[in-house]
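Asker: Encoded as C-alpha cells, here's the structure I'll be asking about.
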Amino acid sequence: MPKAINIMDQPRLGLAKTFNLTVNGIRYRVFRSAVTVVVITVAIAFMMNIVAENLIKSAMVDHAKARLEKIRIEAFWTSRLMTPESSRAILMKWASAPDDSPEIAESARFGKFNDKETVFLLEHAPSAEGLIAFVESLDYGRQRLLVRRNSGLDIISHLSDPENMERFKRNFEPMRGLRLPVTDENLNSLISAWPRVLELISRVRNGHADAIVAVKRDLKGARLFEGLRHADGAFGEAVRNAGFEFSSDTASELARNARATATIELVDQTLDNQSFRRAVAVRRDLLPQEITSGDVWTICQTEAGAAWVIEQLRQIESLSWRIEPDTAAMLRFISDRNTEERRLANVEKMEMEVGERMWWLILLSMIVCVVGISNAMLMSVTERYREIATFKCLGALDSSIMLIFVIEASLLGLVGGIVGSIAGSVLGLGGMILRFGALAFTNFPLDQMLLGLLFSIFVGVFLAAAAAIFPSFKAARLAPMEAMRIE
Amino acid sequence: MNSDKHNPPLTPSDARDKQNLRVIIRTVRLEKKYVIKDIVTVALKGIDVEIFTGEFISVMGPSGSGKSTFFNMVGGLDQPSSGRVFIDEVDVAQLTAVELAFLRCRKIGYIFQSYNLVQYMTALENVTIPMTFAGLHADEARDKGMRILDIVGLKERWFHRPIEMSGGQQQRVAIARAMANDPSVLLCDEPTANLDLNTGKEILEILQRLNKEKHVTVICATHDHRMLNICDRLMWIRDGEVERIARRDEVNIEVGSIGGEE
Ligand SMILES: Nc1ncnc2c1ncn2[C@@H]1O[C@H](COP(=O)(O)OP(=O)(O)OP(=O)(O)O)[C@@H](O)[C@H]1O
Ligand SMILES: [Mg+2]
C-alpha cells in the first residue's frame, strides 16, 4: 500500500504556541538573551536619563520663572501706583490685550470711555502699534528715510501730514523685500482716526494720574511702602476705589512681600544692638564682630530658631514694639525664601542648558538607542540563521519564523525598556537631587515623567522588534539551504 | 551476506507491472550551479532519475560528486538552476511557500550530514518541533517523541542538549526528528558516517524497518557498504552526473568480491 502524497497547506502555528516556543528559546539561551537585554537596557537608560534630567530641569526653570514673575510684581505695582503709564504702553496694551481683559477694562475706566470709544480704540490700536513696531524694527538709515527722526506715537502724527506721507510712500517703494503690516486702506483710515486715538490715550493717562493722586491722598503722607503692607486690607480697597484693577491675589502677594521687607529691615537694625549681637554670636559659635544678618536668617531656618530670635527682640526696648503677630512666621518665610533664591540662581544659569541643547541631547540619545539596539538585535538574529534554516526544513512557515523573532525581540525590548527607563529616571533624578537638593522636587513633573517612562519602554520594544524584522525576514524568505549558506 | 529472500524486483518496468509501484520522485534534467564571485561550479549536470514508492535507494559517489546537492534539490530545500523535480507528479517549483512547508514538515524527513540540531533544545524538544509545526498537541507530541527516541535508543537521554551528546547520539536524535511526522520519504545524507559499527548497524536496521514495515521511501547517500545488504537499488553519481543505476542483485556479485577483499 504505497503512500500517496497529498500536498496541502501547512497550518499556521497559533500565537500561543509561537509564544511558548519563543519563551522557551529565551529561557534556554538565558545568557545570550541577557546580553542583548543589557545592551537595550543601557541604551534606554541613557536616553531616559537625559529625558528625565531635562524634564526636571525645565520644570524647575518654569518654577523659577514663576518665582521671578512674583518678585517683579512688586516693582510693577510700585511704579503703577506712582507714575502714569506712557502713551506708548497704553497703545500697546490696547493693541495686544484681549478685548475683555481686566487691563482693557481698567484703562477704559481711567479714560471714562463709553462703549463706542472703547470699540473705536480697540479697532485702531492694533494697526497703529503694528505700524510703529514695524518702523522701529528697521535700521536707523531707513527709519530716517521714512519718518525722519520721529519715534513712537510721533511716527503716526508725523505721517498725518500728507506731504510726509507722500515722502514715506515714495521712499518705501524701492525697499525690496519689505511689506507694510497694514493695507493702504487701513493706513488711510488710521491716519484719519489718529487725532481721536491720541485724545483717547491721553484721557487714559490723565485718568491714571488722577487715580494715583487719589491713592496718595488715602496714604495721608505715609510712604507707599507702608501702604503696601496693608494691600490685602484697607489700602487695597482704596487702590481699587481709585479705579485700579487690583486683584486680591496680587494684593496679598504684595502685602506679604512688603511685610517681609519690613521684617528684613527689622533684622538689619537688631545687629546694631550689642547684646543681641553677642547672643547670636554665642549661638552660632562665632565672634560678635563676625555676625551678619545671614547668621540670623540661618538661625531662623527652624521654628525654634525663629522663636528664639523673637525672644531676643523682645528684650531690646527700642525694637520690641515693632514685633507683630506674624513676625515669627515672616522670619521663617524669608529664611526659606533666601535659601530657595540661592538655589534658583543656579537654576537660572541652567536655563541655557535646557531648550535647544535638550533636543540635541535627546536626539543623540535616540541615535545611540537606534544604533545600539539594532546592532544587538541584528547580531542575535544573524547568529541564528542556521537555526532559521533548520526550522524551515522542519516545516516552519516564513510567518511563524518572523513571528518568533519579533516576539522574542519585543520581549527583550520590553524587559530592557522597563529596566532601562527606570534606571535612567532614577539616575537622572539622583543627579538632579545632588545638584539642587529638595528643589528638584518643587514642581516635580510627575505626569511628564510617567509619559517619558512609557515612551522609553515603547522605544525599546519598537526598536528591538523593528531591528529583528529585517534580518529574520531576509532569512525566512530564502530556501532553507540558501539560508544555511549565509553567515 | 547475500541471503536476502524478500527482495522485490525493482527495475522500473518490473515495478510498474508486478507491484503496481508508482514513481514518487522524478527529476528531469536537474541542474545546479553555484556561483561564487563569477566562478561557476556545476554541482549537478542534468540528472534524470525515477524513484519509486517504497524503495530503498542508496546514492554513492566520491566526495564532492554532488550527492548533498542532489538531496537538497529533491527535498525541496534549494532551488535548481534548471530542470524539474516532481514529487508524486507535482512539480516542486509550482508549490507555494505554504505547501512547501507542509511537504517538508510531513512528507519528507531529512537527516543531514551535520545533524543540524537546534543547539539550545533538548533531544526531546528537537524531536517534537516538527510535530509542533504540524499542529500536534504538546502532550501528544511529548509522548510520541519519547516513543521515537526509544526506537533510536535515546529514551534515557531525552533531556540532553546536543553539545552533551556524542556525534552518533546526535545523529540518532536527527533520525528521530526526521521520523517525527511519519514522512513518506526519508532523505538521509550519510546517516551512519559518524556512528560506531554497532550503532551504525542499528540505524540501518531502523531505516530498513521503516522501509519495509511503514513503506517509507528511503533515499540514502552513503559510503557504508553494509547499505548494500538493505537497499533495493544503487545509484552512482560522479561529477554531478549519474554514472550508473542498478538493482542490488545485479551488483551483488561484484560486491561479493569487494566484500572478500575486506
Ligand atoms: N554552497 C556552495 N557553493 C559553491 N559550491 C558548492 C556549494 N555546495 C557545494 N558546492 C560544490 O558542489 C559540488 C558538490 O557538492 P556536494 O556537497 O553536493 O558533494 P557531496 O557529494 O555531498 O560530497 P560529500 O560526500 O563530501 O558530502 C562540490 O564541488 C562543491 O564544491
Ligand atoms: Mg555531502
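By convention here, the chains of the C-alpha cells are called A, B, ... in the order presented, each chain's residues are numbered starting at 1, and ligands are numbered starting at 1 in the order presented.
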Around ligand 1, out to 9 Å and counting only C-alpha atoms and all ligand atoms, which residues are there? I want them as a ChimeraX atom specification.
Answerer: /A:481-482,485 /B:32-36,39-44,60-72,113,189-190,221-223,237-240
Asker: Compile the contact shell of range 193-208 of chain B as an mmCIF file with C-alpha atoms, in the first residue's frame: residues with an atom at most 7 Å away, counting only C-alpha atoms, same-chain residues fewer than 5 positions apart removed.
Answerer:
data_model
loop_
_atom_site.group_PDB
_atom_site.id
_atom_site.type_symbol
_atom_site.label_atom_id
_atom_site.label_comp_id
_atom_site.auth_asym_id
_atom_site.auth_seq_id
_atom_site.Cartn_x
_atom_site.Cartn_y
_atom_site.Cartn_z
ATOM 1 C CA GLY B 167 28.150 12.696 17.309
ATOM 2 C CA GLY B 168 26.452 9.354 16.939
ATOM 3 C CA ILE B 230 19.474 -3.404 2.691
#
Asker: At a cut-off of 10 Å, list the chain A residues touching chain B, using only C-alpha atoms, as an NGL selection string.
Answerer: :A and (1-14 or 17-18 or 21 or 24-29 or 384 or 386-400 or 477-484)
Asker: What's around Ala242 in chain A at 8 Å? Count only C-alpha atoms, leave out sequence neighbours fewer than 5 positions away in its own chain, and write the answer as a ChimeraX atom specification.
Answerer: /A:211-212,214-215
Asker: Can you spit out the residues from that selection as a JSON list (two decimals), in the first residue's frame, using all heavy atoms?
Answerer:
[["chain", "number", "residue", "atom", "x", "y", "z"],
["A", 211, "ALA", "N", -6.06, 108.79, 39.42],
["A", 211, "ALA", "CA", -6.16, 107.65, 40.33],
["A", 211, "ALA", "C", -4.97, 107.63, 41.28],
["A", 211, "ALA", "O", -5.11, 107.34, 42.48],
["A", 211, "ALA", "CB", -6.24, 106.36, 39.53],
["A", 212, "ILE", "N", -3.77, 107.95, 40.76],
["A", 212, "ILE", "CA", -2.57, 107.96, 41.60],
["A", 212, "ILE", "C", -2.73, 109.01, 42.70],
["A", 212, "ILE", "O", -2.42, 108.76, 43.87],
["A", 212, "ILE", "CB", -1.32, 108.23, 40.74],
["A", 212, "ILE", "CG1", -1.03, 107.01, 39.86],
["A", 212, "ILE", "CG2", -0.12, 108.55, 41.62],
["A", 212, "ILE", "CD1", 0.02, 107.25, 38.83],
["A", 214, "ALA", "N", -5.49, 110.04, 43.96],
["A", 214, "ALA", "CA", -6.47, 109.54, 44.92],
["A", 214, "ALA", "C", -5.82, 108.59, 45.91],
["A", 214, "ALA", "O", -6.06, 108.66, 47.12],
["A", 214, "ALA", "CB", -7.61, 108.85, 44.19],
["A", 215, "VAL", "N", -4.99, 107.69, 45.39],
["A", 215, "VAL", "CA", -4.31, 106.72, 46.26],
["A", 215, "VAL", "C", -3.40, 107.45, 47.25],
["A", 215, "VAL", "O", -3.35, 107.13, 48.44],
["A", 215, "VAL", "CB", -3.52, 105.70, 45.43],
["A", 215, "VAL", "CG1", -2.63, 104.85, 46.32],
["A", 215, "VAL", "CG2", -4.47, 104.82, 44.63]]
Asker: Point out the residue among A:Gln315, A:Ser252, A:Thr83, A:Gln143 with the least atom-to-atom distance to Gly207 in chain A, counting only C-alpha atoms.
Answerer: A:Thr83
Asker: Could you pull out the strand (DSSP E or B) residues of range 52-261 of chain B, going by DSSP on the backbone, and write them as a PyMOL selection string?
Answerer: chain B and resi 52+56-60+82-87+90-91+108-111+185-189+217-221+233-238+241-247
